[in-house]
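Dumped start.txt below, it's compact mmCIF, C-alpha atoms and all ligand atoms:
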# COMPACT_ATOMS: atom_id res chain seq x y z
CA MET A 1 31.70 53.02 97.01
CA ASN A 2 33.62 49.97 95.83
CA VAL A 3 30.68 47.64 95.33
CA CYS A 4 28.04 47.63 92.59
CA ALA A 5 24.68 48.46 94.16
CA LEU A 6 22.84 45.84 92.11
CA CYS A 7 25.06 42.75 91.81
CA LEU A 8 26.98 43.60 95.00
CA LYS A 9 30.26 42.60 93.34
CA HIS A 10 33.46 44.46 94.09
CA VAL A 11 34.98 46.76 91.48
CA ARG A 12 38.06 44.48 91.48
CA GLU A 13 35.80 41.90 89.86
CA VAL A 14 33.42 43.98 87.73
CA GLY A 15 35.48 47.06 86.92
CA ALA A 16 34.93 50.69 87.81
CA LEU A 17 31.39 51.82 88.57
CA LYS A 18 29.52 53.85 85.98
CA LEU A 19 28.05 57.26 86.53
CA SER A 20 24.44 56.11 86.62
CA HIS A 21 21.39 58.25 86.04
CA ILE A 22 18.96 58.17 88.93
CA TYR A 23 16.13 58.84 86.52
CA PRO A 24 16.30 57.48 82.97
CA ARG A 25 17.87 59.87 80.53
CA PHE A 26 14.92 59.71 78.15
CA MET A 27 12.63 61.00 80.87
CA LEU A 28 14.98 63.85 81.61
CA LEU A 29 15.26 64.77 77.97
CA LEU A 30 11.54 64.66 77.49
CA SER A 31 11.22 66.84 80.54
CA LYS A 32 13.58 69.49 79.32
CA GLN A 33 11.47 71.20 76.77
CA GLU A 34 12.42 74.47 78.37
CA GLY A 35 15.87 73.30 79.31
CA LYS A 36 14.93 73.03 82.95
CA SER A 37 14.09 70.34 85.40
CA VAL A 38 11.49 71.26 87.95
CA LEU A 39 11.62 70.32 91.58
CA TYR A 40 8.24 70.52 93.20
CA ASN A 41 7.24 69.69 96.71
CA TYR A 42 4.05 68.00 97.70
CA GLN A 43 2.08 71.12 98.58
CA GLY A 44 3.01 72.73 95.31
CA LYS A 45 5.23 75.26 97.02
CA ASP A 46 8.91 76.00 96.78
CA VAL A 47 9.23 75.13 93.16
CA GLN A 48 12.86 75.09 92.11
CA LEU A 49 14.24 74.93 88.64
CA GLY A 50 17.39 72.98 87.97
CA GLN A 51 19.61 72.45 84.96
CA TYR A 52 21.10 69.13 85.90
CA ASP A 53 20.60 65.44 85.64
CA TRP A 54 20.94 63.45 88.81
CA LYS A 55 23.84 61.00 88.54
CA GLU A 56 25.90 58.95 90.92
CA TYR A 57 28.48 56.16 90.69
CA LEU A 58 26.22 53.23 91.50
CA LEU A 59 26.42 50.36 89.04
CA CYS A 60 28.95 48.25 87.20
CA GLY A 61 28.88 48.16 83.42
CA GLN A 62 26.89 44.97 83.20
CA CYS A 63 24.25 46.14 85.68
CA GLU A 64 24.04 49.52 83.98
CA HIS A 65 23.24 47.64 80.76
CA HIS A 66 20.67 45.54 82.62
CA ILE A 67 18.91 48.67 83.88
CA LYS A 68 18.99 50.25 80.44
CA HIS A 69 17.02 47.34 79.05
CA HIS A 70 14.18 48.24 81.44
CA GLU A 71 14.44 51.91 80.56
CA ASP A 72 14.23 51.24 76.83
CA PHE A 73 11.17 49.10 77.38
CA LEU A 74 9.46 51.77 79.51
CA LYS A 75 10.20 54.44 76.97
CA GLU A 76 8.68 52.36 74.20
CA VAL A 77 5.56 51.58 76.21
CA LEU A 78 4.81 54.96 77.78
CA TYR A 79 6.07 57.30 75.12
CA SER A 80 5.45 55.28 72.01
CA ARG A 81 3.60 57.01 69.22
CA ARG A 82 2.72 53.73 67.61
CA SER A 83 -1.01 53.10 67.70
CA THR A 84 -0.41 49.42 68.30
CA THR A 85 0.93 50.16 71.75
CA GLN A 86 -1.62 52.65 73.04
CA GLU A 87 -5.31 52.79 72.36
CA ARG A 88 -7.40 55.79 73.27
CA VAL A 89 -10.36 54.78 75.40
CA SER A 90 -11.75 58.21 76.23
CA ASP A 91 -10.57 61.82 76.27
CA SER A 92 -8.19 61.18 79.12
CA GLU A 93 -7.77 57.43 79.25
CA TYR A 94 -5.52 55.20 77.22
CA GLU A 95 -5.28 51.44 77.14
CA VAL A 96 -1.67 50.34 76.93
CA HIS A 97 -0.85 46.93 75.55
CA ALA A 98 2.16 45.67 77.44
CA SER A 99 3.01 43.32 80.24
CA SER A 100 2.03 44.90 83.54
CA ASN A 101 4.78 42.97 85.29
CA ALA A 102 7.42 44.27 82.91
CA VAL A 103 6.18 47.84 83.33
CA ALA A 104 6.11 47.47 87.10
CA LEU A 105 9.65 46.11 87.16
CA ALA A 106 10.87 48.93 84.93
CA VAL A 107 9.27 51.58 87.13
CA LEU A 108 10.65 49.91 90.24
CA THR A 109 14.19 50.25 88.85
CA ILE A 110 13.63 54.01 89.00
CA LEU A 111 12.21 53.89 92.50
CA TRP A 112 15.08 51.67 93.61
CA ARG A 113 17.74 54.03 92.32
CA GLY A 114 16.01 56.88 94.09
CA CYS A 115 16.07 54.83 97.28
CA ILE A 116 19.76 54.00 97.18
CA THR A 117 21.29 57.21 95.90
CA ASN A 118 23.01 59.48 98.35
CA LEU A 119 22.01 62.60 96.44
CA PRO A 120 20.27 65.02 98.79
CA GLU A 121 17.33 65.56 96.43
CA PHE A 122 16.21 62.00 97.08
CA LYS A 123 16.56 61.96 100.82
CA ASP A 124 12.82 61.52 101.34
CA LEU A 125 12.98 58.17 99.60
CA ARG A 126 15.36 56.79 102.18
CA VAL A 127 12.45 56.02 104.47
CA VAL A 128 12.01 52.90 102.36
CA THR A 129 13.28 50.30 104.77
CA ALA A 130 16.42 48.28 104.19
CA ASN A 131 14.14 45.30 103.76
CA GLY A 132 12.20 47.10 101.07
CA ARG A 133 15.36 48.18 99.27
CA GLU A 134 16.68 44.63 99.35
CA LEU A 135 13.36 43.38 98.02
CA LEU A 136 13.62 45.76 95.07
CA ARG A 137 17.25 44.89 94.47
CA THR A 138 16.60 41.14 94.32
CA TRP A 139 13.67 41.60 91.96
CA ILE A 140 15.67 43.80 89.63
CA TYR A 141 18.78 41.67 89.86
CA ASN A 142 16.86 38.47 89.14
CA ASN A 143 14.82 40.27 86.49
CA SER A 144 11.53 38.94 87.78
CA LEU A 145 8.68 39.85 90.05
CA PRO A 146 6.92 37.26 92.20
CA SER A 147 3.45 36.38 90.94
CA ASP A 148 1.95 37.99 94.03
CA TRP A 149 3.89 41.23 93.77
CA LYS A 150 0.80 43.28 94.46
CA TYR A 151 1.10 42.13 98.08
CA TYR A 152 4.36 44.05 98.27
CA VAL A 153 3.81 46.86 95.83
CA ALA A 154 0.74 48.57 94.49
CA MET A 155 1.42 50.78 91.56
CA LYS A 156 -0.52 53.15 89.39
CA ILE A 157 0.71 55.26 86.52
CA SER A 158 -0.88 58.42 85.25
CA GLU A 159 0.34 60.95 82.80
CA ALA A 160 0.70 64.48 84.08
CA THR A 161 -0.07 67.39 81.82
CA VAL A 162 -0.35 71.09 82.38
CA ALA A 163 -2.76 73.39 80.66
CA GLY A 164 -1.38 76.26 78.67
CA ASP A 165 1.82 76.53 76.74
CA ARG A 166 4.15 75.91 79.64
CA VAL A 167 5.05 72.31 80.34
CA GLU A 168 6.36 71.49 83.77
CA PHE A 169 7.70 68.18 84.86
CA ILE A 170 8.31 67.36 88.43
CA PHE A 171 10.95 65.08 89.81
CA GLN A 172 10.63 65.26 93.52
CA PRO A 173 9.37 62.08 95.11
CA HIS A 174 6.63 62.71 97.61
CA PHE A 175 6.83 60.33 100.47
CA HIS A 176 4.41 59.39 103.14
CA ARG A 177 5.56 57.01 105.79
CA ILE A 178 3.00 54.98 107.68
CA SER A 179 5.09 52.52 109.63
CA ASP A 180 8.41 50.77 109.51
CA VAL A 181 7.05 48.31 107.00
CA THR A 182 4.78 50.49 104.91
CA ALA A 183 5.42 53.58 102.89
CA CYS A 184 4.00 55.17 99.80
CA VAL A 185 5.50 57.27 97.07
CA VAL A 186 4.05 59.55 94.50
CA LEU A 187 6.93 59.66 92.09
CA THR A 188 6.43 62.19 89.36
CA VAL A 189 8.84 62.10 86.51
CA GLY A 190 8.85 62.75 82.81
CA GLY A 191 5.22 63.67 82.58
CA TYR A 192 3.99 60.59 84.41
CA ILE A 193 2.88 60.13 87.97
CA PHE A 194 3.97 56.85 89.43
CA GLU A 195 1.95 56.17 92.51
CA ILE A 196 3.63 53.40 94.41
CA THR A 197 2.73 51.84 97.71
CA MET A 198 5.07 49.32 99.18
CA PRO A 199 4.21 47.13 100.83
CA VAL A 200 0.50 47.61 100.43
CA PRO A 201 -1.53 46.46 103.43
CA LEU A 202 -3.13 43.09 102.90
CA GLY A 203 -6.82 43.31 102.24
CA TYR A 204 -6.55 46.66 100.57
CA ASP A 205 -7.54 46.26 96.95
CA HIS A 206 -5.51 48.83 95.10
CA VAL A 207 -6.07 47.38 91.67
CA GLY A 208 -8.54 49.75 90.05
CA THR A 209 -8.94 50.31 86.36
CA ALA A 210 -5.98 52.64 86.23
CA SER A 211 -3.67 50.41 88.23
CA LEU A 212 -1.18 47.84 87.17
CA ILE A 213 -2.65 44.41 87.77
CA PRO A 214 -0.12 41.60 88.17
CA ASN A 215 0.27 39.28 85.20
CA SER A 216 -1.92 41.39 82.95
CA ARG A 217 -1.12 42.03 79.28
CA SER A 218 -2.52 45.54 79.36
CA PHE A 219 -3.16 48.47 81.66
CA SER A 220 -4.63 51.91 81.42
CA ILE A 221 -3.10 55.32 81.95
CA THR A 222 -5.02 58.46 82.66
CA LYS A 223 -4.03 61.98 81.82
CA VAL A 224 -4.33 64.18 84.86
CA GLU A 225 -3.62 67.76 85.74
CA LEU A 226 -0.74 68.39 88.09
CA SER A 227 -3.18 70.19 90.36
CA THR A 228 -4.79 66.86 91.15
CA ILE A 229 -1.69 65.48 92.84
CA PRO A 230 -2.99 66.35 96.33
CA SER A 231 -6.01 64.18 95.66
CA PHE A 232 -3.71 61.33 94.72
CA LYS A 233 -2.01 61.71 98.01
CA ALA A 234 -5.29 61.94 99.89
CA ALA A 235 -6.38 58.65 98.36
CA ILE A 236 -3.09 57.05 99.30
CA ASP A 237 -3.23 58.49 102.79
CA HIS A 238 -6.63 56.91 103.27
CA ALA A 239 -5.39 53.56 102.04
CA MET A 240 -2.36 53.72 104.23
CA SER A 241 -4.40 54.55 107.31
CA LEU A 242 -5.40 50.90 107.35
CA ASP A 243 -3.46 48.72 109.74
CA VAL A 244 -0.50 46.75 108.55
CA SER A 245 -1.31 43.21 109.51
CA GLU A 246 0.97 40.70 111.17
CA GLU A 247 0.46 38.51 108.14
CA LEU A 248 2.06 41.15 105.96
CA GLN A 249 5.01 41.46 108.30
CA ASP A 250 5.34 37.69 108.23
CA ARG A 251 5.44 37.78 104.42
CA ILE A 252 8.12 40.43 104.49
CA ASP A 253 10.20 38.47 106.97
CA LYS A 254 10.07 35.44 104.69
CA LEU A 255 11.07 37.22 101.51
CA PRO A 256 13.23 35.04 99.28
CA ARG A 257 16.85 35.97 98.86
CA ARG A 258 17.39 34.54 95.43
CA ARG A 259 20.44 35.12 93.32
CA LYS A 260 21.05 34.47 89.66
ZN ZN A 301 26.85 45.10 88.99
Any chance you could give the structure as structure tokens?
Ligand SMILES: [Zn+2]
Amino acid sequence: MNVCALCLKHVREVGALKLSHIYPRFMLLLSKQEGKSVLYNYQGKDVQLGQYDWKEYLLCGQCEHHIKHHEDFLKEVLYSRRSTTQERVSDSEYEVHASSNAVALAVLTILWRGCITNLPEFKDLRVVTANGRELLRTWIYNNSLPSDWKYYVAMKISEATVAGDRVEFIFQPHFHRISDVTACVVLTVGGYIFEITMPVPLGYDHVGTASLIPNSRSFSITKVELSTIPSFKAAIDHAMSLDVSEELQDRIDKLPRRRK
């Protein structure tokens, strides 16, 4: 590839592409308490252990730096031990004080890289349409989400934990495709479950207490057992069984194509 995946500039202009992590390095490191990455399919079968990070030549130096800014922010918010960032609400629930838009954008940089990589482990993510990938790219490139981003993406973050002394982290994105314009992901990485629906059908209110609400200064995360992942998917499946309206398609067709 001779073009940066984010700024779309040729390597003649921006220099050689960097070997980019598909998932942020801090998540991989946090997930390697036993020196292994765990691949896990949706049904909980065929668990595979790997020793590697997933990397590909994707971004120019400047865009790599741009992405790292989001990663650093996400690390500070989700993994911070400072009490000023996270407040325990109940045994399993934490209130996180941070911009929901910034968190959403940071998580979407991970989803986007999973969508555009050619690595075989991420092939399920390629059902995100070209339109959806371009939507993500323009948001990340412009470093901003539209104020109504929940019409395109619904996102929920939960922390995954496993009982006992063995900690497993799962990297495999679980994808469920509803139509050409709608798909959902349960992206599990680094001890967190990122439940992403994009675009979410209009009229479906996905913003519960544990969801990211656009333009909010805080959000909550819930610790869950990995065994509850099927129920996550069941909830998403139900949501996605709703029809995708013409109005939503119209919105998608009119997506802005802004540049810096
Ligand atoms: Zn670039």
*Compare A:Tyr94, A:Tyr23, A:Tyr141, A:Tyr79 by their minimum atom-to-atom distance to ligand ZN 301 (chain A), counting only C-alpha atoms and all ligand atoms, and give me the closest one.*
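Under the stated criterion, the closest residue is A:Tyr141.
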_Atomic distance atom CA of Ser147 of chain A - atom CA of Ser216 of chain A, expressed in Å with one decimal_ = 10.9 Å
_Within 6 Å of ligand ZN 301 (chain A) (only C-alpha atoms and all ligand atoms), residues as an MDAnalysis selection string_ = chainID A and resid 4 6:7 59:60 62:63
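Between atom CA of Cys115 of chain A and atom CA of Ala98 of chain A lies a distance of 25.9 Å.
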Please enclose the listed atoms of segment 111-119 of chain A in an axis-aligned box, pad each side by 6 Å, and write out the centre and the three edge lengths in Å, rounded to one decimal, as lines of an AutoDock Vina configuration file.
center_x = 17.6
center_y = 57.1
center_z = 95.3
size_x = 22.8
size_y = 22.9
size_z = 18.0
_Å distance separating atom CA of Glu76 of chain A from atom CA of Ala183 of chain A, one decimal place_ = 28.9 Å
